[in-house]
Structures are given as C-alpha cells and as structure tokens.
file structure.cif (mmCIF, C-alpha atoms, pLDDT in the B column; chains and numbers go by the auth columns)
data_work
#
loop_
_atom_site.group_PDB
_atom_site.id
_atom_site.type_symbol
_atom_site.label_atom_id
_atom_site.label_comp_id
_atom_site.label_asym_id
_atom_site.label_seq_id
_atom_site.Cartn_x
_atom_site.Cartn_y
_atom_site.Cartn_z
_atom_site.B_iso_or_equiv
_atom_site.auth_seq_id
_atom_site.auth_asym_id
ATOM 1 C CA MET A 1 32.169 11.239 0.194 39.00 1 G
ATOM 2 C CA ARG A 2 29.778 9.233 -2.003 47.00 2 G
ATOM 3 C CA ARG A 3 26.116 9.525 -1.119 46.00 3 G
ATOM 4 C CA GLY A 4 24.071 6.411 -0.545 55.00 4 G
ATOM 5 C CA PRO A 5 22.030 5.057 -3.439 65.00 5 G
ATOM 6 C CA GLU A 6 18.704 6.513 -4.408 59.00 6 G
ATOM 7 C CA LEU A 7 16.316 3.730 -3.407 55.00 7 G
ATOM 8 C CA SER A 8 13.141 2.798 -5.240 50.00 8 G
ATOM 9 C CA VAL A 9 11.181 -0.198 -3.983 41.00 9 G
ATOM 10 C CA GLY A 10 9.041 -0.250 -7.115 42.00 10 G
ATOM 11 C CA PRO A 11 9.583 1.065 -10.644 36.00 11 G
ATOM 12 C CA ALA A 12 11.819 4.096 -10.953 33.00 12 G
ATOM 13 C CA THR A 13 10.086 7.454 -11.108 29.00 13 G
ATOM 14 C CA VAL A 14 12.906 10.000 -11.507 28.00 14 G
ATOM 15 C CA ALA A 15 14.629 10.445 -14.852 30.00 15 G
ATOM 16 C CA VAL A 16 18.411 10.554 -14.781 31.00 16 G
ATOM 17 C CA VAL A 17 20.414 12.891 -16.969 33.00 17 G
ATOM 18 C CA GLY A 18 23.356 11.237 -18.680 49.00 18 G
ATOM 19 C CA THR A 19 24.241 7.578 -19.141 85.00 19 G
ATOM 20 C CA ALA A 20 24.165 4.619 -16.791 95.00 20 G
ATOM 21 C CA VAL A 21 25.134 0.972 -16.531 97.00 21 G
ATOM 22 C CA GLY A 22 22.807 -1.441 -14.789 98.00 22 G
ATOM 23 C CA PHE A 23 23.624 -4.482 -12.685 98.00 23 G
ATOM 24 C CA ASP A 24 21.632 -7.268 -11.106 98.00 24 G
ATOM 25 C CA LEU A 25 22.407 -7.890 -7.412 98.00 25 G
ATOM 26 C CA ASP A 26 22.205 -11.559 -6.311 98.00 26 G
ATOM 27 C CA MET A 27 24.907 -13.706 -7.919 98.00 27 G
ATOM 28 C CA THR A 28 26.021 -10.802 -10.117 98.00 28 G
ATOM 29 C CA LEU A 29 27.414 -8.335 -7.575 98.00 29 G
ATOM 30 C CA ILE A 30 26.945 -10.349 -4.382 98.00 30 G
ATOM 31 C CA ASP A 31 26.892 -13.979 -3.203 98.00 31 G
ATOM 32 C CA PRO A 32 24.193 -14.388 -0.529 98.00 32 G
ATOM 33 C CA ARG A 33 23.835 -18.169 -0.863 98.00 33 G
ATOM 34 C CA PRO A 34 24.871 -19.347 2.639 98.00 34 G
ATOM 35 C CA GLY A 35 22.458 -16.910 4.250 98.00 35 G
ATOM 36 C CA MET A 36 19.734 -17.746 1.734 98.00 36 G
ATOM 37 C CA VAL A 37 19.964 -21.427 2.633 98.00 37 G
ATOM 38 C CA ALA A 38 19.686 -20.570 6.308 98.00 38 G
ATOM 39 C CA VAL A 39 16.822 -18.081 6.047 98.00 39 G
ATOM 40 C CA MET A 40 14.651 -20.282 3.831 98.00 40 G
ATOM 41 C CA ASN A 41 15.204 -23.296 6.066 98.00 41 G
ATOM 42 C CA ALA A 42 14.416 -21.202 9.135 98.00 42 G
ATOM 43 C CA LEU A 43 11.212 -19.967 7.516 98.00 43 G
ATOM 44 C CA GLY A 44 10.210 -23.505 6.602 98.00 44 G
ATOM 45 C CA GLU A 45 10.844 -24.819 10.105 98.00 45 G
ATOM 46 C CA GLU A 46 8.920 -21.962 11.677 97.00 46 G
ATOM 47 C CA ALA A 47 6.000 -22.294 9.249 97.00 47 G
ATOM 48 C CA GLY A 48 5.901 -26.078 9.212 97.00 48 G
ATOM 49 C CA LEU A 49 6.431 -26.212 5.444 97.00 49 G
ATOM 50 C CA PRO A 50 8.915 -28.214 3.310 95.00 50 G
ATOM 51 C CA LEU A 51 10.947 -25.263 2.083 97.00 51 G
ATOM 52 C CA ASP A 52 14.284 -26.281 0.560 97.00 52 G
ATOM 53 C CA GLY A 53 16.977 -23.729 1.327 97.00 53 G
ATOM 54 C CA GLU A 54 19.645 -25.478 -0.747 97.00 54 G
ATOM 55 C CA HIS A 55 17.454 -25.511 -3.854 97.00 55 G
ATOM 56 C CA PHE A 56 16.408 -21.910 -3.273 97.00 56 G
ATOM 57 C CA ALA A 57 19.989 -20.663 -2.948 97.00 57 G
ATOM 58 C CA ALA A 58 21.115 -22.570 -6.033 96.00 58 G
ATOM 59 C CA ASN A 59 18.419 -20.971 -8.197 95.00 59 G
ATOM 60 C CA LEU A 60 18.243 -17.335 -7.094 94.00 60 G
ATOM 61 C CA GLY A 61 16.416 -14.938 -9.373 90.00 61 G
ATOM 62 C CA PRO A 62 12.634 -15.433 -9.443 91.00 62 G
ATOM 63 C CA PRO A 63 10.422 -13.425 -7.058 93.00 63 G
ATOM 64 C CA LEU A 64 9.924 -14.879 -3.591 96.00 64 G
ATOM 65 C CA ASP A 65 6.176 -15.408 -3.971 95.00 65 G
ATOM 66 C CA MET A 66 6.824 -17.484 -7.099 95.00 66 G
ATOM 67 C CA VAL A 67 9.470 -19.528 -5.269 96.00 67 G
ATOM 68 C CA LEU A 68 7.116 -20.227 -2.360 97.00 68 G
ATOM 69 C CA ARG A 69 4.361 -21.354 -4.725 97.00 69 G
ATOM 70 C CA ASP A 70 6.800 -23.712 -6.417 96.00 70 G
ATOM 71 C CA PHE A 71 7.592 -25.181 -2.990 96.00 71 G
ATOM 72 C CA GLY A 72 3.892 -25.869 -2.524 96.00 72 G
ATOM 73 C CA ALA A 73 3.107 -23.174 0.052 97.00 73 G
ATOM 74 C CA PRO A 74 -0.669 -22.554 0.310 97.00 74 G
ATOM 75 C CA GLU A 75 -1.727 -19.466 -1.625 97.00 75 G
ATOM 76 C CA GLU A 76 -3.473 -17.957 1.397 98.00 76 G
ATOM 77 C CA ARG A 77 -0.188 -18.034 3.343 98.00 77 G
ATOM 78 C CA ILE A 78 2.082 -16.536 0.669 97.00 78 G
ATOM 79 C CA GLY A 79 1.729 -12.903 1.789 97.00 79 G
ATOM 80 C CA ALA A 80 2.520 -13.661 5.433 98.00 80 G
ATOM 81 C CA LEU A 81 5.433 -15.910 4.470 98.00 81 G
ATOM 82 C CA VAL A 82 6.958 -13.182 2.291 98.00 82 G
ATOM 83 C CA ASP A 83 6.627 -10.683 5.152 98.00 83 G
ATOM 84 C CA ARG A 84 8.244 -13.069 7.628 98.00 84 G
ATOM 85 C CA PHE A 85 11.085 -13.887 5.220 98.00 85 G
ATOM 86 C CA ARG A 86 11.814 -10.170 4.920 98.00 86 G
ATOM 87 C CA GLN A 87 11.815 -9.824 8.705 98.00 87 G
ATOM 88 C CA LEU A 88 14.243 -12.712 9.201 98.00 88 G
ATOM 89 C CA TYR A 89 16.493 -11.647 6.337 98.00 89 G
ATOM 90 C CA PRO A 90 18.649 -8.851 7.830 98.00 90 G
ATOM 91 C CA GLU A 91 20.027 -10.811 10.771 98.00 91 G
ATOM 92 C CA ILE A 92 20.522 -14.075 8.882 98.00 92 G
ATOM 93 C CA VAL A 93 21.559 -13.146 5.341 98.00 93 G
ATOM 94 C CA ILE A 94 23.342 -9.787 5.497 98.00 94 G
ATOM 95 C CA PRO A 95 26.263 -10.952 7.721 98.00 95 G
ATOM 96 C CA GLU A 96 26.878 -14.050 5.561 98.00 96 G
ATOM 97 C CA THR A 97 26.975 -12.266 2.195 98.00 97 G
ATOM 98 C CA VAL A 98 30.146 -11.367 0.294 98.00 98 G
ATOM 99 C CA ALA A 99 30.844 -9.349 -2.843 98.00 99 G
ATOM 100 C CA LEU A 100 31.569 -11.468 -5.904 98.00 100 G
ATOM 101 C CA PRO A 101 34.918 -11.176 -7.717 98.00 101 G
ATOM 102 C CA GLY A 102 35.117 -7.974 -9.723 98.00 102 G
ATOM 103 C CA ALA A 103 32.008 -6.376 -8.223 98.00 103 G
ATOM 104 C CA HIS A 104 33.719 -3.337 -6.731 98.00 104 G
ATOM 105 C CA GLU A 105 35.964 -2.952 -9.754 98.00 105 G
ATOM 106 C CA ALA A 106 33.039 -3.121 -12.204 98.00 106 G
ATOM 107 C CA LEU A 107 31.159 -0.375 -10.375 98.00 107 G
ATOM 108 C CA ALA A 108 34.307 1.736 -10.191 97.00 108 G
ATOM 109 C CA ALA A 109 34.899 1.286 -13.926 95.00 109 G
ATOM 110 C CA VAL A 110 31.480 2.757 -14.686 95.00 110 G
ATOM 111 C CA HIS A 111 32.214 5.834 -12.584 95.00 111 G
ATOM 112 C CA GLU A 112 35.643 6.219 -14.135 93.00 112 G
ATOM 113 C CA ALA A 113 33.961 6.207 -17.558 92.00 113 G
ATOM 114 C CA GLY A 114 31.647 9.001 -16.463 91.00 114 G
ATOM 115 C CA GLY A 115 28.555 6.835 -16.010 93.00 115 G
ATOM 116 C CA ARG A 116 26.168 6.094 -13.139 96.00 116 G
ATOM 117 C CA THR A 117 25.617 2.703 -11.542 97.00 117 G
ATOM 118 C CA VAL A 118 22.047 1.424 -11.349 98.00 118 G
ATOM 119 C CA VAL A 119 21.243 -1.816 -9.521 98.00 119 G
ATOM 120 C CA VAL A 120 17.908 -3.335 -10.550 98.00 120 G
ATOM 121 C CA THR A 121 16.966 -6.411 -8.562 97.00 121 G
ATOM 122 C CA GLY A 122 14.013 -8.613 -7.767 96.00 122 G
ATOM 123 C CA LYS A 123 14.946 -8.396 -4.103 96.00 123 G
ATOM 124 C CA TYR A 124 12.934 -6.403 -1.555 96.00 124 G
ATOM 125 C CA GLY A 125 14.390 -2.900 -1.805 96.00 125 G
ATOM 126 C CA PRO A 126 15.196 -2.209 1.886 97.00 126 G
ATOM 127 C CA ASN A 127 17.050 -5.522 2.237 98.00 127 G
ATOM 128 C CA ALA A 128 18.924 -4.900 -1.009 98.00 128 G
ATOM 129 C CA ALA A 129 19.970 -1.509 0.392 98.00 129 G
ATOM 130 C CA LEU A 130 21.351 -3.234 3.497 98.00 130 G
ATOM 131 C CA HIS A 131 23.620 -5.328 1.266 98.00 131 G
ATOM 132 C CA VAL A 132 24.826 -2.266 -0.620 98.00 132 G
ATOM 133 C CA LYS A 133 25.667 -0.501 2.629 98.00 133 G
ATOM 134 C CA ALA A 134 27.243 -3.519 4.346 98.00 134 G
ATOM 135 C CA LEU A 135 29.550 -4.265 1.414 98.00 135 G
ATOM 136 C CA GLY A 136 30.312 -0.649 0.519 98.00 136 G
ATOM 137 C CA LEU A 137 29.117 -1.035 -3.064 98.00 137 G
ATOM 138 C CA ALA A 138 29.363 2.194 -5.084 98.00 138 G
ATOM 139 C CA VAL A 139 25.747 2.204 -6.264 98.00 139 G
ATOM 140 C CA ASP A 140 24.071 5.429 -7.365 97.00 140 G
ATOM 141 C CA VAL A 141 20.519 4.125 -7.806 97.00 141 G
ATOM 142 C CA LEU A 142 18.911 0.989 -6.393 98.00 142 G
ATOM 143 C CA VAL A 143 15.560 -0.293 -7.633 98.00 143 G
ATOM 144 C CA GLY A 144 13.991 -3.337 -5.993 97.00 144 G
ATOM 145 C CA GLU A 145 11.181 -5.788 -6.693 96.00 145 G
ATOM 146 C CA LEU A 146 11.489 -5.926 -10.480 97.00 146 G
ATOM 147 C CA TRP A 147 11.926 -9.204 -12.328 96.00 147 G
ATOM 148 C CA SER A 148 12.726 -10.279 -15.898 97.00 148 G
ATOM 149 C CA ASP A 149 11.083 -8.005 -18.507 96.00 149 G
ATOM 150 C CA GLY A 150 9.830 -5.800 -15.683 97.00 150 G
ATOM 151 C CA LYS A 151 13.381 -4.618 -15.069 98.00 151 G
ATOM 152 C CA ALA A 152 13.176 -2.686 -18.331 98.00 152 G
ATOM 153 C CA VAL A 153 11.003 -0.057 -16.619 97.00 153 G
ATOM 154 C CA ALA A 154 13.840 1.021 -14.335 97.00 154 G
ATOM 155 C CA LEU A 155 16.573 0.526 -16.913 97.00 155 G
ATOM 156 C CA ARG A 156 14.828 2.847 -19.371 96.00 156 G
ATOM 157 C CA GLU A 157 13.928 5.389 -16.687 95.00 157 G
ATOM 158 C CA HIS A 158 17.529 5.672 -15.519 95.00 158 G
ATOM 159 C CA GLY A 159 19.080 5.672 -18.983 94.00 159 G
ATOM 160 C CA ALA A 160 20.955 2.365 -18.705 96.00 160 G
ATOM 161 C CA THR A 161 22.633 1.416 -21.975 95.00 161 G
ATOM 162 C CA ILE A 162 24.146 -1.807 -20.568 96.00 162 G
ATOM 163 C CA TYR A 163 22.729 -4.309 -18.078 98.00 163 G
ATOM 164 C CA ALA A 164 24.765 -7.107 -16.513 98.00 164 G
ATOM 165 C CA GLY A 165 23.205 -10.102 -14.819 98.00 165 G
ATOM 166 C CA ASP A 166 23.503 -13.821 -14.169 98.00 166 G
ATOM 167 C CA HIS A 167 19.970 -14.961 -15.045 97.00 167 G
ATOM 168 C CA LEU A 168 17.983 -15.417 -18.246 98.00 168 G
ATOM 169 C CA GLY A 169 15.477 -12.945 -16.807 97.00 169 G
ATOM 170 C CA ASP A 170 18.233 -10.335 -16.671 98.00 170 G
ATOM 171 C CA VAL A 171 18.932 -10.817 -20.364 98.00 171 G
ATOM 172 C CA ARG A 172 15.231 -10.437 -21.136 98.00 172 G
ATOM 173 C CA GLY A 173 15.064 -7.253 -19.073 98.00 173 G
ATOM 174 C CA ALA A 174 18.061 -5.753 -20.873 98.00 174 G
ATOM 175 C CA LEU A 175 16.659 -6.594 -24.296 98.00 175 G
ATOM 176 C CA ALA A 176 13.260 -5.143 -23.426 98.00 176 G
ATOM 177 C CA ALA A 177 14.980 -1.913 -22.380 97.00 177 G
ATOM 178 C CA GLY A 178 17.148 -1.677 -25.481 96.00 178 G
ATOM 179 C CA ALA A 179 20.268 -2.100 -23.338 96.00 179 G
ATOM 180 C CA VAL A 180 23.242 -4.297 -24.180 96.00 180 G
ATOM 181 C CA PRO A 181 22.772 -7.592 -22.282 98.00 181 G
ATOM 182 C CA VAL A 182 25.908 -8.751 -20.471 98.00 182 G
ATOM 183 C CA GLY A 183 25.875 -12.181 -18.850 98.00 183 G
ATOM 184 C CA VAL A 184 27.970 -13.610 -16.021 98.00 184 G
ATOM 185 C CA THR A 185 28.104 -17.306 -15.156 98.00 185 G
ATOM 186 C CA THR A 186 28.360 -16.729 -11.410 98.00 186 G
ATOM 187 C CA GLY A 187 24.677 -17.675 -11.044 97.00 187 G
ATOM 188 C CA PRO A 188 22.528 -20.643 -12.133 96.00 188 G
ATOM 189 C CA CYS A 189 22.728 -20.135 -15.914 97.00 189 G
ATOM 190 C CA THR A 190 25.424 -21.429 -18.223 98.00 190 G
ATOM 191 C CA ARG A 191 27.287 -19.455 -20.859 98.00 191 G
ATOM 192 C CA ASP A 192 25.363 -21.206 -23.642 98.00 192 G
ATOM 193 C CA GLU A 193 22.015 -20.506 -21.962 98.00 193 G
ATOM 194 C CA LEU A 194 22.819 -16.817 -21.566 98.00 194 G
ATOM 195 C CA LEU A 195 24.027 -16.500 -25.154 98.00 195 G
ATOM 196 C CA GLU A 196 20.980 -18.321 -26.478 98.00 196 G
ATOM 197 C CA ALA A 197 18.749 -15.936 -24.503 98.00 197 G
ATOM 198 C CA GLY A 198 20.413 -12.995 -26.258 98.00 198 G
ATOM 199 C CA ALA A 199 23.424 -11.933 -24.176 98.00 199 G
ATOM 200 C CA GLU A 200 25.959 -10.171 -26.392 97.00 200 G
ATOM 201 C CA VAL A 201 28.900 -11.150 -24.199 97.00 201 G
ATOM 202 C CA VAL A 202 29.256 -13.568 -21.270 98.00 202 G
ATOM 203 C CA PHE A 203 31.941 -13.446 -18.591 98.00 203 G
ATOM 204 C CA GLU A 204 32.943 -15.906 -15.905 98.00 204 G
ATOM 205 C CA SER A 205 32.686 -13.029 -13.437 98.00 205 G
ATOM 206 C CA LEU A 206 32.571 -9.245 -13.312 98.00 206 G
ATOM 207 C CA ALA A 207 36.358 -9.272 -13.033 98.00 207 G
ATOM 208 C CA GLU A 208 36.326 -9.260 -16.847 98.00 208 G
ATOM 209 C CA PHE A 209 33.850 -6.387 -17.073 98.00 209 G
ATOM 210 C CA PRO A 210 36.118 -3.282 -16.698 97.00 210 G
ATOM 211 C CA ALA A 211 38.346 -4.162 -19.651 96.00 211 G
ATOM 212 C CA TRP A 212 35.296 -4.819 -21.833 96.00 212 G
ATOM 213 C CA LEU A 213 33.563 -1.636 -20.681 94.00 213 G
ATOM 214 C CA SER A 214 36.615 0.445 -21.592 92.00 214 G
ATOM 215 C CA ARG A 215 35.923 -0.444 -25.222 89.00 215 G
ATOM 216 C CA GLN A 216 32.192 0.439 -25.135 83.00 216 G
ATOM 217 C CA PRO A 217 30.359 3.758 -25.522 73.00 217 G
ATOM 218 C CA LEU A 218 27.995 4.562 -22.641 65.00 218 G
ATOM 219 C CA SER A 219 25.410 6.169 -24.880 57.00 219 G
ATOM 220 C CA GLY A 220 23.226 5.296 -27.821 46.00 220 G
ATOM 221 C CA ALA A 221 20.981 2.577 -26.445 42.00 221 G
ATOM 222 C CA ARG A 222 19.235 0.558 -29.107 43.00 222 G
ATOM 223 C CA GLU A 223 15.501 0.374 -29.657 43.00 223 G
ATOM 224 C CA PRO A 224 13.766 -1.991 -27.212 43.00 224 G
ATOM 225 C CA VAL A 225 12.799 -5.438 -28.450 39.00 225 G
ATOM 226 C CA ARG A 226 9.051 -5.478 -29.141 37.00 226 G
#
call {"tool": "encode", "arguments": {"input": "structure.cif", "output": "structure tokens"}}
result
Amino acid sequence: MRRGPELSVGPATVAVVGTAVGFDLDMTLIDPRPGMVAVMNALGEEAGLPLDGEHFAANLGPPLDMVLRDFGAPEERIGALVDRFRQLYPEIVIPETVALPGAHEALAAVHEAGGRTVVVTGKYGPNAALHVKALGLAVDVLVGELWSDGKAVALREHGATIYAGDHLGDVRGALAAGAVPVGVTTGPCTRDELLEAGAEVVFESLAEFPAWLSRQPLSGAREPVR
C-alpha cells in the first residue's frame, strides 16, 4: 500500500535520495475550476466585495493574496479573506474537482521509471493534500504555497530533474531549479507562450507525458538559470 505524500506547507526541508519528477497541481494534474468559481463567488458575496469567480477560475496560478489585490480587495482585509477562502474551500471545491486526462498515468510512469513524484503548488498545502487524497493521486511529496521562481526551492531540495506545469510561472520555476521545463496547455497559457517562456516540450495534456518520459533520463539536472 502506497503511503500518503510527505506534506510541506512551505519550502521543502528534507533532501531526497535519488531522482524525482515534479508536477504542478491546478490545471496540470487536476481541474478544480467549477469549485473555484463557486468558492470565490461565495467569498465575494459573504465579504461584500466584487470578486469574479469566472475570471479567477480561468486564470489559476498566482497566489491568492495577489489575486485578491487584483480584484481590488482592501489590503487590511487580505489576510482574513485568505483565511476564510481556505475555510470554505474543502466543502465547495474538493467534491467538484476531477483529475485531468493523463494525470494518473503520468504519475505512474514516473514510478515505473524508478523516480519519485513531487507536486509543487502555489495552493495552501492542507487543501492540496485533500485533492491528492480525494483523487487517489500517487504523489510521494507535496509542497504547497510556492509560486513561480520560488518553486525552485522545493524542486532542488527533492532532486527534481523535470517539472511539468501549465503556467509561465511553472516554466520559470523549472528553469531556476535546473530542471527540464515541460508545459501543458490545459491551463491559461498557450503553446507558443509556454515555448517562448522556455518550455522544452509542450503537450496538450499529460496523456502525452508517459511516452515522452520513457525517452528521458531521470538524472543529470542542468545548472540553474542565474
């Protein structure tokens, strides 16, 4: 029986022996958009603020505090709004979320190749762990609350030589860690945008990932981009 993932809410602190492949969560492994629309709209109604759930769900990636600022939420309310969002999240978002095509197969392909699966996400760690459990994702290590270049901290710590994600920030994180950036167009970014940002390969979904991975070594990460 596979153990649950090792969870880190902040940067990883335990070095991992061997090789690993990293994945983003939202719109890479999972599709939480219906629940994201609902939870952001519920938060806005409760708080009396013009929060746009449809826009939020269509542009997943940036940290929640950044999103709330962009919606015009007062700075002095940001902390409380983030806390309330996280409280509402499990009952609203978890039941509405599905795994994206190829997610289970991509994780399985890493294990079959002798690697470890490391999910590095900007999402609040405990809520990310609920998704992993609910969908039965074969994740060895889960690190939450890291965004863009900041993801490189966990990717380096856990020895990830490849990182797959749907956002330009994921590409930047992979490059900063010296990992091979793999893009998927299941999120808000186009193939051209991901390639221009530095992705070495871009797939329509993770369904294409296992065949590609079978041709890649899981060791020998390059030097990080300075």
call {"tool": "residues_around", "arguments": {"input": "structure.cif", "residues": "Pro34 in chain G", "least_positions_apart": "2", "cutoff": "8 Å", "atoms": "all atoms listed in the file", "output": "list in words"}}
result
Pro32, Met36, Val37, Ala38, Ala57, Val93, Glu96 and Thr97 of chain G
call {"tool": "atom_distance", "arguments": {"input": "structure.cif", "atom1": "CA of Gly150 in chain G", "atom2": "CA of Lys133 in chain G"}}
result
24.8 Å
call {"tool": "resolve_selection", "arguments": {"input": "structure.cif", "expression": "the PyMOL selection byres ((chain G and resi 47) around 12)", "output": "number ranges by chain"}}
result
G: 40-46, 48-51, 68, 73-74, 77-78, 80-82, 84-85
call {"tool": "residues_around", "arguments": {"input": "structure.cif", "residues": "range 205-217 of chain G", "least_positions_apart": "5", "cutoff": "7 Å", "atoms": "all atoms listed in the file", "output": "count of residues only"}}
result
9
call {"tool": "resolve_selection", "arguments": {"input": "structure.cif", "expression": "the PyMOL selection byres ((chain G and resi 166) around 9)", "output": "MDAnalysis selection string"}}
result
chainID G and resid 24 26:28 61 164:165 167:171 182:190 194
call {"tool": "atom_distance", "arguments": {"input": "structure.cif", "atom1": "CA of Leu100 in chain G", "atom2": "CA of Leu29 in chain G"}}
result
5.5 Å
call {"tool": "resolve_selection", "arguments": {"input": "structure.cif", "expression": "the PyMOL selection byres ((chain G and resi 122) around 7)", "output": "ChimeraX atom specification"}}
result
/G:61,63,121,123-124,144-147
call {"tool": "write_last_selection", "arguments": {"input": "structure.cif", "atoms": "C-alpha atoms", "output": "PDB file, keeping the file's coordinate frame"}}
result
ATOM      1  CA  GLY G  61      16.416 -14.938  -9.373  1.00 90.00           C
ATOM      2  CA  PRO G  63      10.422 -13.425  -7.058  1.00 93.00           C
ATOM      3  CA  THR G 121      16.966  -6.411  -8.562  1.00 97.00           C
ATOM      4  CA  LYS G 123      14.946  -8.396  -4.103  1.00 96.00           C
ATOM      5  CA  TYR G 124      12.934  -6.403  -1.555  1.00 96.00           C
ATOM      6  CA  GLY G 144      13.991  -3.337  -5.993  1.00 97.00           C
ATOM      7  CA  GLU G 145      11.181  -5.788  -6.693  1.00 96.00           C
ATOM      8  CA  LEU G 146      11.489  -5.926 -10.480  1.00 97.00           C
ATOM      9  CA  TRP G 147      11.926  -9.204 -12.328  1.00 96.00           C
TER      10      TRP G 147
END
call {"tool": "axis_aligned_box", "arguments": {"input": "structure.cif", "around": "range 155-167 of chain G", "padding_each_side": "8 Å", "output": "JSON"}}
result
{"center_x": 19.3, "center_y": -4.6, "center_z": -18.1, "size_x": 26.8, "size_y": 36.6, "size_z": 23.8}
call {"tool": "atom_distance", "arguments": {"input": "structure.cif", "atom1": "CA of Glu54 in chain G", "atom2": "CA of Ile94 in chain G"}}
result
17.3 Å
call {"tool": "residues_around", "arguments": {"input": "structure.cif", "residues": "Glu91 in chain G", "least_positions_apart": "4", "cutoff": "10 Å", "atoms": "only C-alpha atoms", "output": "MDAnalysis selection string"}}
result
chainID G and resid 35 39 87 95:96
call {"tool": "closest_residue", "arguments": {"input": "structure.cif", "among": "G:Thr19, G:Thr161, G:Asn127, G:Ser148", "to": "Ala113 in chain G", "atoms": "all atoms listed in the file"}}
result
G:Thr19
call {"tool": "build_atoms", "arguments": {"input": "structure.cif", "residues": "range 49-62 of chain G", "atoms": "N, CA, C and O atoms", "output": "compact mmCIF listing (two decimals), in the coordinates of the input"}}
result
# COMPACT_ATOMS: atom_id res chain seq x y z
N LEU G 49 6.55 -25.93 6.88
CA LEU G 49 6.43 -26.21 5.44
C LEU G 49 7.75 -26.77 4.90
O LEU G 49 8.83 -26.43 5.40
N PRO G 50 7.70 -27.61 3.88
CA PRO G 50 8.91 -28.21 3.31
C PRO G 50 9.63 -27.27 2.35
O PRO G 50 9.65 -27.48 1.13
N LEU G 51 10.22 -26.23 2.90
CA LEU G 51 10.95 -25.26 2.08
C LEU G 51 12.41 -25.68 2.01
O LEU G 51 13.03 -25.93 3.03
N ASP G 52 12.94 -25.74 0.81
CA ASP G 52 14.28 -26.28 0.56
C ASP G 52 15.28 -25.14 0.36
O ASP G 52 15.39 -24.58 -0.73
N GLY G 53 16.02 -24.82 1.40
CA GLY G 53 16.98 -23.73 1.33
C GLY G 53 18.08 -23.95 0.31
O GLY G 53 18.50 -23.01 -0.37
N GLU G 54 18.57 -25.19 0.20
CA GLU G 54 19.64 -25.48 -0.75
C GLU G 54 19.18 -25.24 -2.19
O GLU G 54 19.89 -24.64 -2.99
N HIS G 55 17.99 -25.71 -2.50
CA HIS G 55 17.45 -25.51 -3.85
C HIS G 55 17.22 -24.02 -4.12
O HIS G 55 17.53 -23.52 -5.21
N PHE G 56 16.67 -23.35 -3.15
CA PHE G 56 16.41 -21.91 -3.27
C PHE G 56 17.69 -21.15 -3.58
O PHE G 56 17.76 -20.34 -4.52
N ALA G 57 18.73 -21.40 -2.80
CA ALA G 57 19.99 -20.66 -2.95
C ALA G 57 20.69 -20.98 -4.26
O ALA G 57 21.43 -20.15 -4.78
N ALA G 58 20.46 -22.17 -4.79
CA ALA G 58 21.12 -22.57 -6.03
C ALA G 58 20.40 -22.02 -7.26
O ALA G 58 20.93 -22.13 -8.38
N ASN G 59 19.22 -21.44 -7.06
CA ASN G 59 18.42 -20.97 -8.20
C ASN G 59 17.86 -19.57 -7.94
O ASN G 59 16.70 -19.29 -8.23
N LEU G 60 18.69 -18.69 -7.41
CA LEU G 60 18.24 -17.34 -7.09
C LEU G 60 17.88 -16.58 -8.36
O LEU G 60 18.52 -16.73 -9.40
N GLY G 61 16.85 -15.75 -8.24
CA GLY G 61 16.42 -14.94 -9.37
C GLY G 61 14.94 -14.65 -9.32
O GLY G 61 14.53 -13.49 -9.22
N PRO G 62 14.08 -15.68 -9.42
CA PRO G 62 12.63 -15.43 -9.44
C PRO G 62 12.12 -14.78 -8.17
O PRO G 62 12.73 -14.94 -7.09
